[in-house]
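**Student:** My structure is in coords_2.txt, and what it holds is compact mmCIF, C-alpha atoms (C1' of nucleotides):
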```
# COMPACT_ATOMS: atom_id res chain seq x y z
CA MET H 1 -15.72 6.30 11.57
CA LEU H 2 -17.80 4.34 9.10
CA SER H 3 -21.19 5.36 10.44
CA GLY H 4 -24.09 6.08 8.13
CA LYS H 5 -26.06 4.22 5.53
CA TRP H 6 -23.48 4.15 2.72
CA LYS H 7 -20.00 4.51 4.22
CA PRO H 8 -19.46 0.83 5.03
CA GLN H 9 -20.37 -0.22 1.49
CA ILE H 10 -18.24 2.51 -0.05
CA PHE H 11 -15.31 1.57 2.17
CA ARG H 12 -15.75 -2.07 1.19
CA LEU H 13 -15.61 -1.20 -2.50
CA THR H 14 -12.38 0.77 -2.11
CA LEU H 15 -10.69 -2.44 -0.94
CA ASP H 16 -10.79 -3.65 -4.54
CA GLY H 17 -9.35 -0.44 -5.94
CA ALA H 18 -10.16 3.23 -6.44
CA VAL H 19 -13.82 4.18 -6.75
CA ARG H 20 -15.51 6.97 -8.68
CA PHE H 21 -18.58 9.07 -8.01
CA ASN H 22 -20.87 7.91 -10.80
CA GLY H 23 -19.63 4.36 -10.49
CA LEU H 24 -20.69 4.26 -6.84
CA LEU H 25 -24.02 5.78 -7.75
CA ARG H 26 -24.62 2.83 -10.09
CA GLN H 27 -23.23 0.15 -7.79
CA LEU H 28 -25.04 1.25 -4.65
CA GLU H 29 -28.65 0.42 -5.37
CA GLY H 30 -31.06 2.85 -3.80
CA SER H 31 -28.41 5.48 -3.27
CA ASN H 32 -28.48 9.05 -4.55
CA LYS H 33 -26.01 11.80 -5.48
CA GLN H 34 -26.41 13.76 -2.28
CA SER H 35 -25.85 10.83 0.05
CA VAL H 36 -22.91 9.47 -1.89
CA ALA H 37 -21.35 12.94 -2.10
CA THR H 38 -21.75 13.44 1.65
CA ALA H 39 -20.32 10.03 2.46
CA LEU H 40 -17.29 10.62 0.21
CA ARG H 41 -16.70 14.07 1.64
CA GLU H 42 -16.83 12.80 5.21
CA LEU H 43 -14.60 9.83 4.48
CA GLU H 44 -12.13 12.25 2.95
CA GLU H 45 -12.37 14.67 5.89
CA GLN H 46 -11.64 11.81 8.26
CA GLY H 47 -8.56 10.96 6.23
CA ILE H 48 -9.83 7.51 5.32
CA LEU H 49 -10.10 8.18 1.58
CA GLU H 50 -8.05 10.41 -0.66
CA ARG H 51 -9.63 12.38 -3.49
CA VAL H 52 -7.51 12.52 -6.63
CA VAL H 53 -8.38 14.47 -9.75
CA ILE H 54 -7.05 12.67 -12.80
CA GLU H 55 -5.99 15.39 -15.25
CA GLN H 56 -6.47 13.46 -18.47
CA LYS H 57 -8.52 13.81 -21.63
CA PRO H 58 -11.89 13.18 -20.02
CA LEU H 59 -10.87 14.38 -16.55
CA HIS H 60 -12.34 12.48 -13.67
CA VAL H 61 -12.04 11.98 -9.92
CA GLU H 62 -10.85 8.93 -8.03
CA TYR H 63 -11.17 8.10 -4.37
CA HIS H 64 -8.73 5.63 -2.90
CA LEU H 65 -7.77 4.31 0.51
CA SER H 66 -5.27 6.40 2.48
CA GLU H 67 -2.74 4.90 4.88
CA LYS H 68 -5.21 5.52 7.68
CA GLY H 69 -7.86 3.78 5.64
CA LYS H 70 -5.61 0.80 5.08
CA ALA H 71 -5.04 0.51 8.82
CA LEU H 72 -8.76 0.01 9.12
CA VAL H 73 -8.95 -2.90 6.70
CA PRO H 74 -8.09 -5.87 8.95
CA VAL H 75 -10.46 -4.79 11.69
CA PHE H 76 -13.18 -4.13 9.12
CA LEU H 77 -12.81 -7.60 7.65
CA GLN H 78 -12.85 -9.12 11.13
CA LEU H 79 -16.03 -7.22 11.87
CA GLU H 80 -17.53 -8.37 8.59
CA SER H 81 -16.81 -11.98 9.50
CA LEU H 82 -18.71 -11.59 12.78
CA SER H 83 -21.94 -10.21 11.39
CA MET G 1 -24.34 -4.27 15.83
CA LEU G 2 -23.25 -1.41 18.03
CA SER G 3 -24.91 1.33 16.04
CA GLY G 4 -26.56 4.27 17.73
CA LYS G 5 -25.53 7.02 20.04
CA TRP G 6 -25.19 5.03 23.26
CA LYS G 7 -24.53 1.39 22.42
CA PRO G 8 -20.76 1.70 21.99
CA GLN G 9 -20.39 3.40 25.38
CA ILE G 10 -22.68 0.90 27.06
CA PHE G 11 -20.79 -1.99 25.49
CA ARG G 12 -17.50 -0.47 26.66
CA LEU G 13 -18.76 -0.28 30.24
CA THR G 14 -19.82 -3.92 30.28
CA LEU G 15 -16.19 -4.89 29.68
CA ASP G 16 -15.46 -3.91 33.30
CA GLY G 17 -18.39 -5.90 34.67
CA ALA G 18 -22.15 -6.01 34.76
CA VAL G 19 -23.99 -2.72 34.34
CA ARG G 20 -27.32 -1.54 35.70
CA PHE G 21 -30.01 0.74 34.32
CA ASN G 22 -29.77 3.65 36.72
CA GLY G 23 -26.01 3.33 36.92
CA LEU G 24 -25.74 3.81 33.17
CA LEU G 25 -28.10 6.75 33.36
CA ARG G 26 -25.69 8.42 35.77
CA GLN G 27 -22.50 7.46 33.95
CA LEU G 28 -23.63 8.41 30.47
CA GLU G 29 -23.78 12.18 30.60
CA GLY G 30 -26.50 13.62 28.42
CA SER G 31 -28.33 10.32 28.18
CA ASN G 32 -31.94 9.64 29.13
CA LYS G 33 -34.10 6.76 30.31
CA GLN G 34 -35.71 6.08 26.96
CA SER G 35 -32.49 5.94 24.99
CA VAL G 36 -30.71 3.78 27.54
CA ALA G 37 -33.70 1.45 27.76
CA THR G 38 -33.84 1.13 23.98
CA ALA G 39 -30.11 0.51 23.68
CA LEU G 40 -30.21 -2.17 26.39
CA ARG G 41 -33.22 -3.86 24.85
CA GLU G 42 -31.63 -3.97 21.41
CA LEU G 43 -28.29 -5.20 22.73
CA GLU G 44 -30.20 -7.94 24.51
CA GLU G 45 -32.25 -8.81 21.41
CA GLN G 46 -29.04 -9.14 19.41
CA GLY G 47 -27.70 -11.52 22.03
CA ILE G 48 -24.78 -9.27 22.95
CA LEU G 49 -25.95 -8.60 26.51
CA GLU G 50 -27.85 -10.80 28.94
CA ARG G 51 -30.47 -9.37 31.27
CA VAL G 52 -30.47 -10.94 34.70
CA VAL G 53 -32.95 -10.14 37.46
CA ILE G 54 -31.26 -10.46 40.83
CA GLU G 55 -33.92 -11.80 43.20
CA GLN G 56 -32.61 -10.30 46.41
CA LYS G 57 -33.88 -7.96 49.11
CA PRO G 58 -33.88 -4.87 46.91
CA LEU G 59 -34.32 -6.73 43.64
CA HIS G 60 -32.48 -5.27 40.69
CA VAL G 61 -31.45 -5.99 37.15
CA GLU G 62 -28.00 -6.61 35.75
CA TYR G 63 -26.83 -6.65 32.16
CA HIS G 64 -23.68 -8.55 31.35
CA LEU G 65 -21.77 -9.66 28.26
CA SER G 66 -22.95 -12.87 26.62
CA GLU G 67 -20.60 -15.25 24.82
CA LYS G 68 -21.50 -13.52 21.58
CA GLY G 69 -20.70 -10.20 23.23
CA LYS G 70 -17.34 -11.49 24.39
CA ALA G 71 -16.48 -12.51 20.83
CA LEU G 72 -16.87 -8.88 19.92
CA VAL G 73 -14.40 -7.58 22.50
CA PRO G 74 -11.06 -7.96 20.68
CA VAL G 75 -12.32 -6.33 17.49
CA PHE G 76 -13.95 -3.55 19.50
CA LEU G 77 -10.71 -2.80 21.34
CA GLN G 78 -8.79 -2.83 18.07
CA LEU G 79 -11.27 -0.37 16.62
CA GLU G 80 -10.99 1.78 19.74
CA SER G 81 -7.22 1.93 19.37
CA LEU G 82 -7.58 3.24 15.82
CA SER G 83 -9.89 6.15 16.53
C1' DT S 1 -46.05 9.15 55.97
C1' DC S 2 -43.00 11.33 52.81
C1' DA S 3 -39.02 11.05 49.86
C1' DA S 4 -35.84 8.34 47.24
C1' DT S 5 -34.28 4.42 44.71
C1' DT S 6 -35.13 0.48 41.82
C1' DA S 7 -36.43 -0.27 36.47
C1' DG S 8 -38.83 0.86 33.41
C1' DT S 9 -43.21 2.57 29.59
C1' DC S 10 -45.70 5.86 26.66
C1' DA S 11 -46.76 9.77 23.63
C1' DA S 12 -45.06 13.59 21.69
C1' DA S 13 -41.59 16.90 20.18
C1' DA S 14 -37.11 17.96 18.44
C1' DA S 15 -33.01 16.90 16.01
C1' DA S 16 -30.38 14.42 12.72
C1' DA S 17 -29.95 11.73 8.63
C1' DG S 18 -31.33 10.54 4.14
C1' DA S 19 -33.85 11.18 -0.32
C1' DT S 20 -35.70 14.03 -4.17
C1' DG S 21 -35.52 16.96 -7.95
C1' DA S 22 -33.62 21.07 -10.03
C1' DC S 23 -29.63 23.03 -11.48
C1' DC S 24 -24.40 23.85 -13.02
C1' DA S 25 -20.21 23.42 -15.89
C1' DC S 26 -17.40 20.74 -18.69
C1' DT S 27 -16.36 17.13 -22.45
C1' DA S 28 -17.38 13.97 -26.14
C1' DA S 29 -19.95 11.61 -29.47
C1' DA S 30 -23.86 11.39 -32.84
C1' DT U 1 -27.19 20.79 -32.03
C1' DT U 2 -28.95 17.55 -29.02
C1' DT U 3 -27.78 13.81 -25.98
C1' DA U 4 -24.98 11.46 -22.67
C1' DG U 5 -21.41 11.17 -19.34
C1' DT U 6 -18.19 13.38 -16.01
C1' DG U 7 -18.83 15.26 -10.75
C1' DG U 8 -20.92 17.66 -8.25
C1' DT U 9 -24.27 21.70 -5.25
C1' DC U 10 -28.57 23.54 -3.31
C1' DA U 11 -33.08 23.79 -1.13
C1' DT U 12 -36.65 21.18 0.38
C1' DC U 13 -39.16 17.18 2.01
C1' DT U 14 -39.48 12.78 4.34
C1' DT U 15 -37.94 9.34 7.42
C1' DT U 16 -35.39 7.81 11.31
C1' DT U 17 -33.27 8.60 15.64
C1' DT U 18 -33.00 10.82 19.90
C1' DT U 19 -34.85 13.57 23.64
C1' DT U 20 -38.37 15.28 26.85
C1' DG U 21 -41.61 14.89 30.33
C1' DA U 22 -45.35 12.46 32.47
C1' DC U 23 -46.52 8.29 34.54
C1' DT U 24 -46.19 3.39 36.91
C1' DA U 25 -45.22 0.13 40.70
C1' DA U 26 -42.58 -2.02 44.22
C1' DT U 27 -39.13 -1.32 48.12
C1' DT U 28 -36.45 1.17 51.58
C1' DG U 29 -35.04 4.70 54.86
C1' DA U 30 -36.15 8.77 57.69
```
Before we go any further, please render this structure as structure tokens.
**Tutor:**
Amino acid sequence: MLSGKWKPQIFRLTLDGAVRFNGLLRQLEGSNKQSVATALRELEEQGILERVVIEQKPLHVEYHLSEKGKALVPVFLQLESLS
Amino acid sequence: MLSGKWKPQIFRLTLDGAVRFNGLLRQLEGSNKQSVATALRELEEQGILERVVIEQKPLHVEYHLSEKGKALVPVFLQLESLS
DNA sequence: TCAATTAGTCAAAAAAAGATGACCACTAAA
DNA sequence: TTTAGTGGTCATCTTTTTTTGACTAATTGA
């Protein structure tokens, strides 16, 4: 579910609140548009993240944890504590 | 820790008891010697599996869960139940 | 003696994943 | 009007992962 080079880190960041495309690009050192876009799309397809377009003055896009994503949190943290 | 195409399946099989090289090769459809050998070696290097040579008539090799591997079991099962 | 099973290794090819750079369309500020 | 920021896509190249097939060496059964 969280396989790939960037998905675990992206998932981890969503625990602290919604994330945005360009924000991730800056936070994830060594990442690139394509990889981040692919990771976000796959996480959305799997129903782990939800993509929300914020229709305001400078319109932007937010990705936040879905219910399914939230169900993953405890086991993710447990996993994190083991490695 | 369990990244790669075959490691999760191999790990799963060790929960029911020790596994063996050729046995895995037969159980894991679509697998091959090289990949199974690599997965076993890496799981051993990480201290998740232990390699034991059974010094008997037809000598063979067994891989079984280490203590570290056992610590991984509950979180693995939890993860399994989510996917 | 021949075939099969045990547990692998090695080099090479193929497939999958990731990175790079160009491009797009929109908005806002200087 | 140029520059920067928003959020991407596309084709191509590189890197990593996985597969393929040949080979080894010891043991067992027919």
**Student:** From the set U:DT15, U:DC10, U:DG29, U:DG21, which residue has the shortest atom-to-atom contact distance to chain H, counting all atoms listed in the file?
**Tutor:**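 Checking each of U:DT15, U:DC10, U:DG29, U:DG21 against chain H, counting all atoms listed in the file, the winner is U:DC10.
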**Student:** Would you give me, as a VMD selection string, the residues of chain U that come within 9 Å of chain G, using all atoms listed in the file?
**Tutor:** chain U and resid 17 to 20 27 to 28
**Student:** Show me which bits of chain S are within 8 Å of chain H, counting only C-alpha atoms (C1' of nucleotides), as a PyMOL selection string.
**Tutor:** chain S and resi 18-19+27
**Student:** Lay chain H over chain G using all C-alpha atoms, matched one to one in order, with a least-squares fit; then write it out as a PDB file with C-alpha atoms, keeping the file's coordinate frame.
**Tutor:**
```pdb
ATOM      1  CA  MET H   1     -24.278  -4.253  15.855  1.00  0.00           C
ATOM      2  CA  LEU H   2     -23.200  -1.384  18.063  1.00  0.00           C
ATOM      3  CA  SER H   3     -24.843   1.379  16.064  1.00  0.00           C
ATOM      4  CA  GLY H   4     -26.525   4.307  17.756  1.00  0.00           C
ATOM      5  CA  LYS H   5     -25.532   7.065  20.103  1.00  0.00           C
ATOM      6  CA  TRP H   6     -25.180   5.050  23.324  1.00  0.00           C
ATOM      7  CA  LYS H   7     -24.496   1.411  22.444  1.00  0.00           C
ATOM      8  CA  PRO H   8     -20.725   1.732  22.038  1.00  0.00           C
ATOM      9  CA  GLN H   9     -20.369   3.411  25.432  1.00  0.00           C
ATOM     10  CA  ILE H  10     -22.665   0.903  27.104  1.00  0.00           C
ATOM     11  CA  PHE H  11     -20.776  -1.983  25.524  1.00  0.00           C
ATOM     12  CA  ARG H  12     -17.500  -0.466  26.696  1.00  0.00           C
ATOM     13  CA  LEU H  13     -18.754  -0.266  30.271  1.00  0.00           C
ATOM     14  CA  THR H  14     -19.816  -3.918  30.307  1.00  0.00           C
ATOM     15  CA  LEU H  15     -16.173  -4.871  29.715  1.00  0.00           C
ATOM     16  CA  ASP H  16     -15.473  -3.913  33.325  1.00  0.00           C
ATOM     17  CA  GLY H  17     -18.382  -5.909  34.699  1.00  0.00           C
ATOM     18  CA  ALA H  18     -22.171  -6.018  34.753  1.00  0.00           C
ATOM     19  CA  VAL H  19     -24.015  -2.728  34.330  1.00  0.00           C
ATOM     20  CA  ARG H  20     -27.346  -1.551  35.700  1.00  0.00           C
ATOM     21  CA  PHE H  21     -30.033   0.727  34.329  1.00  0.00           C
ATOM     22  CA  ASN H  22     -29.815   3.637  36.750  1.00  0.00           C
ATOM     23  CA  GLY H  23     -26.060   3.332  36.949  1.00  0.00           C
ATOM     24  CA  LEU H  24     -25.775   3.814  33.189  1.00  0.00           C
ATOM     25  CA  LEU H  25     -28.160   6.731  33.367  1.00  0.00           C
ATOM     26  CA  ARG H  26     -25.754   8.428  35.790  1.00  0.00           C
ATOM     27  CA  GLN H  27     -22.555   7.451  33.995  1.00  0.00           C
ATOM     28  CA  LEU H  28     -23.671   8.413  30.506  1.00  0.00           C
ATOM     29  CA  GLU H  29     -23.839  12.181  30.635  1.00  0.00           C
ATOM     30  CA  GLY H  30     -26.572  13.607  28.473  1.00  0.00           C
ATOM     31  CA  SER H  31     -28.393  10.314  28.216  1.00  0.00           C
ATOM     32  CA  ASN H  32     -32.001   9.645  29.175  1.00  0.00           C
ATOM     33  CA  LYS H  33     -34.159   6.715  30.308  1.00  0.00           C
ATOM     34  CA  GLN H  34     -35.751   6.100  26.942  1.00  0.00           C
ATOM     35  CA  SER H  35     -32.511   5.975  24.990  1.00  0.00           C
ATOM     36  CA  VAL H  36     -30.724   3.821  27.524  1.00  0.00           C
ATOM     37  CA  ALA H  37     -33.708   1.462  27.732  1.00  0.00           C
ATOM     38  CA  THR H  38     -33.828   1.143  23.943  1.00  0.00           C
ATOM     39  CA  ALA H  39     -30.100   0.545  23.674  1.00  0.00           C
ATOM     40  CA  LEU H  40     -30.205  -2.156  26.374  1.00  0.00           C
ATOM     41  CA  ARG H  41     -33.206  -3.835  24.802  1.00  0.00           C
ATOM     42  CA  GLU H  42     -31.580  -3.922  21.378  1.00  0.00           C
ATOM     43  CA  LEU H  43     -28.268  -5.163  22.727  1.00  0.00           C
ATOM     44  CA  GLU H  44     -30.182  -7.917  24.475  1.00  0.00           C
ATOM     45  CA  GLU H  45     -32.210  -8.765  21.357  1.00  0.00           C
ATOM     46  CA  GLN H  46     -28.991  -9.076  19.390  1.00  0.00           C
ATOM     47  CA  GLY H  47     -27.671 -11.483  21.997  1.00  0.00           C
ATOM     48  CA  ILE H  48     -24.772  -9.234  22.937  1.00  0.00           C
ATOM     49  CA  LEU H  49     -25.939  -8.583  26.504  1.00  0.00           C
ATOM     50  CA  GLU H  50     -27.860 -10.778  28.889  1.00  0.00           C
ATOM     51  CA  ARG H  51     -30.486  -9.355  31.226  1.00  0.00           C
ATOM     52  CA  VAL H  52     -30.488 -10.936  34.673  1.00  0.00           C
ATOM     53  CA  VAL H  53     -32.957 -10.141  37.423  1.00  0.00           C
ATOM     54  CA  ILE H  54     -31.274 -10.476  40.794  1.00  0.00           C
ATOM     55  CA  GLU H  55     -33.933 -11.823  43.169  1.00  0.00           C
ATOM     56  CA  GLN H  56     -32.586 -10.373  46.396  1.00  0.00           C
ATOM     57  CA  LYS H  57     -33.808  -8.030  49.102  1.00  0.00           C
ATOM     58  CA  PRO H  58     -33.826  -4.897  46.973  1.00  0.00           C
ATOM     59  CA  LEU H  59     -34.308  -6.710  43.656  1.00  0.00           C
ATOM     60  CA  HIS H  60     -32.486  -5.251  40.721  1.00  0.00           C
ATOM     61  CA  VAL H  61     -31.474  -5.976  37.136  1.00  0.00           C
ATOM     62  CA  GLU H  62     -28.018  -6.603  35.736  1.00  0.00           C
ATOM     63  CA  TYR H  63     -26.850  -6.638  32.156  1.00  0.00           C
ATOM     64  CA  HIS H  64     -23.700  -8.544  31.345  1.00  0.00           C
ATOM     65  CA  LEU H  65     -21.779  -9.634  28.276  1.00  0.00           C
ATOM     66  CA  SER H  66     -22.941 -12.861  26.623  1.00  0.00           C
ATOM     67  CA  GLU H  67     -20.588 -15.247  24.839  1.00  0.00           C
ATOM     68  CA  LYS H  68     -21.444 -13.479  21.604  1.00  0.00           C
ATOM     69  CA  GLY H  69     -20.664 -10.189  23.271  1.00  0.00           C
ATOM     70  CA  LYS H  70     -17.317 -11.473  24.458  1.00  0.00           C
ATOM     71  CA  ALA H  71     -16.443 -12.509  20.914  1.00  0.00           C
ATOM     72  CA  LEU H  72     -16.831  -8.878  19.997  1.00  0.00           C
ATOM     73  CA  VAL H  73     -14.373  -7.571  22.568  1.00  0.00           C
ATOM     74  CA  PRO H  74     -11.031  -7.958  20.751  1.00  0.00           C
ATOM     75  CA  VAL H  75     -12.312  -6.397  17.556  1.00  0.00           C
ATOM     76  CA  PHE H  76     -13.923  -3.585  19.540  1.00  0.00           C
ATOM     77  CA  LEU H  77     -10.674  -2.810  21.323  1.00  0.00           C
ATOM     78  CA  GLN H  78      -8.796  -2.905  18.024  1.00  0.00           C
ATOM     79  CA  LEU H  79     -11.308  -0.480  16.581  1.00  0.00           C
ATOM     80  CA  GLU H  80     -10.968   1.748  19.622  1.00  0.00           C
ATOM     81  CA  SER H  81      -7.208   1.864  19.145  1.00  0.00           C
ATOM     82  CA  LEU H  82      -7.645   3.075  15.558  1.00  0.00           C
ATOM     83  CA  SER H  83      -9.929   6.007  16.237  1.00  0.00           C
TER      84      SER H  83
END
```
**Student:** Give me the residues near Ile48 (chain G) as a PyMOL selection string, where near means some atom within 6 Å (using all atoms listed in the file) and where sequence neighbours in that chain fewer than 6 positions away do not count.
**Tutor:** chain G and resi 66+68-69
**Student:** Would you write out those residues with C-alpha atoms, as a PDB file, in the frame of the given file?
**Tutor:**
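The resulting part29.pdb:
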```pdb
ATOM      1  CA  SER G  66     -22.950 -12.870  26.620  1.00  0.00           C
ATOM      2  CA  LYS G  68     -21.500 -13.520  21.580  1.00  0.00           C
ATOM      3  CA  GLY G  69     -20.700 -10.200  23.230  1.00  0.00           C
TER       4      GLY G  69
END
```
**Student:** Enter the distance from CA of Ala18 (chain H) to CA of Tyr63 (chain H), in Å, rounded to one decimal.
**Tutor:**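 Atom-to-atom, CA of Ala18 (chain H) to CA of Tyr63 (chain H), that is 5.4 Å.
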**Student:** For a quick check of understanding, using all atoms listed in the file, which of H:Asp16, H:Glu80, H:Glu62, H:Glu44 has the smallest distance to chain G?
**Tutor:**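 So, comparing all the options, the nearest one is H:Glu80.
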**Student:** Mind giving me the straight-line distance from CA of Gln9 (chain G) to CA of Val61 (chain G) in Å, one decimal?
**Tutor:**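 Rounded to one decimal, the two atoms are 18.7 Å apart.
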**Student:** Do a neighbour search on DT12 (chain U) at 12 Å with only C-alpha atoms (C1' of nucleotides), toss out local chain neighbours closer than 5 positions, and write the hits as a ChimeraX atom specification.
**Tutor:** /S:19-22
**Student:** Identify which of the residues H:Leu65, H:Leu49, H:Val73, H:Leu24 lies closest to chain G, counting only C-alpha atoms when measuring atom-to-atom distances.
**Tutor:**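 Looking at the shortest contact to chain G, the residue is H:Val73.
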**Student:** CA of Ser3 (chain H) and CA of Gln46 (chain H) are how many Å apart?
**Tutor:**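 Those two atoms sit 11.7 Å apart.
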**Student:** Check the smallest atom-to-atom distance from each of G:Leu13, G:Leu25, G:Leu2, G:Ala37 to chain H using only C-alpha atoms, then report the winner.
**Tutor:**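 Answer, going by the shortest atom-to-atom distance: G:Leu2.
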**Student:** Show me which bits of chain G are within 8 Å of chain H, counting all atoms listed in the file, as a CSV table (one decimal) with C-alpha atoms, keeping the file's coordinate frame.
**Tutor:**
```csv
chain,number,residue,atom,x,y,z
G,1,MET,CA,-24.3,-4.3,15.8
G,3,SER,CA,-24.9,1.3,16.0
G,72,LEU,CA,-16.9,-8.9,19.9
G,75,VAL,CA,-12.3,-6.3,17.5
G,78,GLN,CA,-8.8,-2.8,18.1
G,79,LEU,CA,-11.3,-0.4,16.6
G,82,LEU,CA,-7.6,3.2,15.8
G,83,SER,CA,-9.9,6.2,16.5
```
**Student:** Excluding DC26 (chain S) and its own-chain neighbours fewer than 2 positions away, which residues fall within 12 Å of it when counting only C-alpha atoms (C1' of nucleotides)? Please give them as a short mmCIF file (atom, residue, chain, number, x, y, z; two decimals) with C-alpha atoms (C1' of nucleotides), in the frame of the given file.
**Tutor:**
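So result16.cif came out as:
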```cif
data_model
loop_
_atom_site.label_atom_id
_atom_site.label_comp_id
_atom_site.auth_asym_id
_atom_site.auth_seq_id
_atom_site.Cartn_x
_atom_site.Cartn_y
_atom_site.Cartn_z
CA LYS H 57 -8.52 13.81 -21.63
CA PRO H 58 -11.89 13.18 -20.02
CA LEU H 59 -10.87 14.38 -16.55
CA HIS H 60 -12.34 12.48 -13.67
"C1'" DC S 24 -24.40 23.85 -13.02
"C1'" DA S 28 -17.38 13.97 -26.14
"C1'" DG U 5 -21.41 11.17 -19.34
"C1'" DT U 6 -18.19 13.38 -16.01
"C1'" DG U 7 -18.83 15.26 -10.75
"C1'" DG U 8 -20.92 17.66 -8.25
#
```
**Student:** With only C-alpha atoms (C1' of nucleotides) as the atoms that count, which of S:DC2, S:DA15, S:DA7, S:DC23 lies nearest to Val36 (chain G)?
**Tutor:**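 Result for the nearest residue to Val36 (chain G): S:DA7.
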**Student:** Between S:DA30, S:DC10, S:DA25, S:DA4, which residue has the minimum interatomic distance to DT3 (chain U), considering all atoms listed in the file?
**Tutor:**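 When distances to DT3 (chain U) are compared using all atoms listed in the file, the smallest one comes from S:DA30.
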**Student:** Could you add N, CA and C atoms to region 4-22 of chain G and give me the result as a PDB file, in the frame of the given file?
**Tutor:**
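This went into rebuild-v1.pdb:
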```pdb
ATOM      1  N   GLY G   4     -25.780   3.412  16.855  1.00  0.00           N
ATOM      2  CA  GLY G   4     -26.560   4.270  17.730  1.00  0.00           C
ATOM      3  C   GLY G   4     -25.677   5.099  18.625  1.00  0.00           C
ATOM      4  N   LYS G   5     -26.294   6.045  19.256  1.00  0.00           N
ATOM      5  CA  LYS G   5     -25.530   7.020  20.040  1.00  0.00           C
ATOM      6  C   LYS G   5     -24.935   6.437  21.319  1.00  0.00           C
ATOM      7  N   TRP G   6     -25.623   5.487  21.934  1.00  0.00           N
ATOM      8  CA  TRP G   6     -25.190   5.030  23.260  1.00  0.00           C
ATOM      9  C   TRP G   6     -24.633   3.628  23.327  1.00  0.00           C
ATOM     10  N   LYS G   7     -24.954   2.799  22.353  1.00  0.00           N
ATOM     11  CA  LYS G   7     -24.530   1.390  22.420  1.00  0.00           C
ATOM     12  C   LYS G   7     -23.027   1.201  22.569  1.00  0.00           C
ATOM     13  N   PRO G   8     -22.186   1.931  21.817  1.00  0.00           N
ATOM     14  CA  PRO G   8     -20.760   1.700  21.990  1.00  0.00           C
ATOM     15  C   PRO G   8     -20.294   1.978  23.429  1.00  0.00           C
ATOM     16  N   GLN G   9     -20.777   3.058  24.012  1.00  0.00           N
ATOM     17  CA  GLN G   9     -20.390   3.400  25.380  1.00  0.00           C
ATOM     18  C   GLN G   9     -20.888   2.361  26.375  1.00  0.00           C
ATOM     19  N   ILE G  10     -22.124   1.906  26.153  1.00  0.00           N
ATOM     20  CA  ILE G  10     -22.680   0.900  27.060  1.00  0.00           C
ATOM     21  C   ILE G  10     -21.869  -0.390  26.959  1.00  0.00           C
ATOM     22  N   PHE G  11     -21.587  -0.784  25.713  1.00  0.00           N
ATOM     23  CA  PHE G  11     -20.790  -1.990  25.490  1.00  0.00           C
ATOM     24  C   PHE G  11     -19.446  -1.867  26.196  1.00  0.00           C
ATOM     25  N   ARG G  12     -18.814  -0.712  26.038  1.00  0.00           N
ATOM     26  CA  ARG G  12     -17.500  -0.470  26.660  1.00  0.00           C
ATOM     27  C   ARG G  12     -17.568  -0.669  28.173  1.00  0.00           C
ATOM     28  N   LEU G  13     -18.635  -0.182  28.785  1.00  0.00           N
ATOM     29  CA  LEU G  13     -18.760  -0.280  30.240  1.00  0.00           C
ATOM     30  C   LEU G  13     -18.959  -1.712  30.709  1.00  0.00           C
ATOM     31  N   THR G  14     -19.605  -2.529  29.876  1.00  0.00           N
ATOM     32  CA  THR G  14     -19.820  -3.920  30.280  1.00  0.00           C
ATOM     33  C   THR G  14     -18.517  -4.722  30.303  1.00  0.00           C
ATOM     34  N   LEU G  15     -17.482  -4.186  29.660  1.00  0.00           N
ATOM     35  CA  LEU G  15     -16.190  -4.890  29.680  1.00  0.00           C
ATOM     36  C   LEU G  15     -15.606  -4.938  31.090  1.00  0.00           C
ATOM     37  N   ASP G  16     -15.968  -3.963  31.921  1.00  0.00           N
ATOM     38  CA  ASP G  16     -15.460  -3.910  33.300  1.00  0.00           C
ATOM     39  C   ASP G  16     -16.402  -4.578  34.285  1.00  0.00           C
ATOM     40  N   GLY G  17     -17.445  -5.229  33.791  1.00  0.00           N
ATOM     41  CA  GLY G  17     -18.390  -5.900  34.670  1.00  0.00           C
ATOM     42  C   GLY G  17     -19.819  -5.531  34.355  1.00  0.00           C
ATOM     43  N   ALA G  18     -20.732  -6.219  35.023  1.00  0.00           N
ATOM     44  CA  ALA G  18     -22.150  -6.010  34.760  1.00  0.00           C
ATOM     45  C   ALA G  18     -22.549  -4.555  34.981  1.00  0.00           C
ATOM     46  N   VAL G  19     -23.492  -4.087  34.193  1.00  0.00           N
ATOM     47  CA  VAL G  19     -23.990  -2.720  34.340  1.00  0.00           C
ATOM     48  C   VAL G  19     -25.464  -2.756  34.746  1.00  0.00           C
ATOM     49  N   ARG G  20     -25.923  -1.627  35.286  1.00  0.00           N
ATOM     50  CA  ARG G  20     -27.320  -1.540  35.700  1.00  0.00           C
ATOM     51  C   ARG G  20     -27.963  -0.282  35.124  1.00  0.00           C
ATOM     52  N   PHE G  21     -29.267  -0.333  34.982  1.00  0.00           N
ATOM     53  CA  PHE G  21     -30.010   0.740  34.320  1.00  0.00           C
ATOM     54  C   PHE G  21     -29.719   2.129  34.883  1.00  0.00           C
ATOM     55  N   ASN G  22     -29.964   2.313  36.162  1.00  0.00           N
ATOM     56  CA  ASN G  22     -29.770   3.650  36.720  1.00  0.00           C
ATOM     57  C   ASN G  22     -28.302   4.044  36.799  1.00  0.00           C
TER      58      ASN G  22
END
```
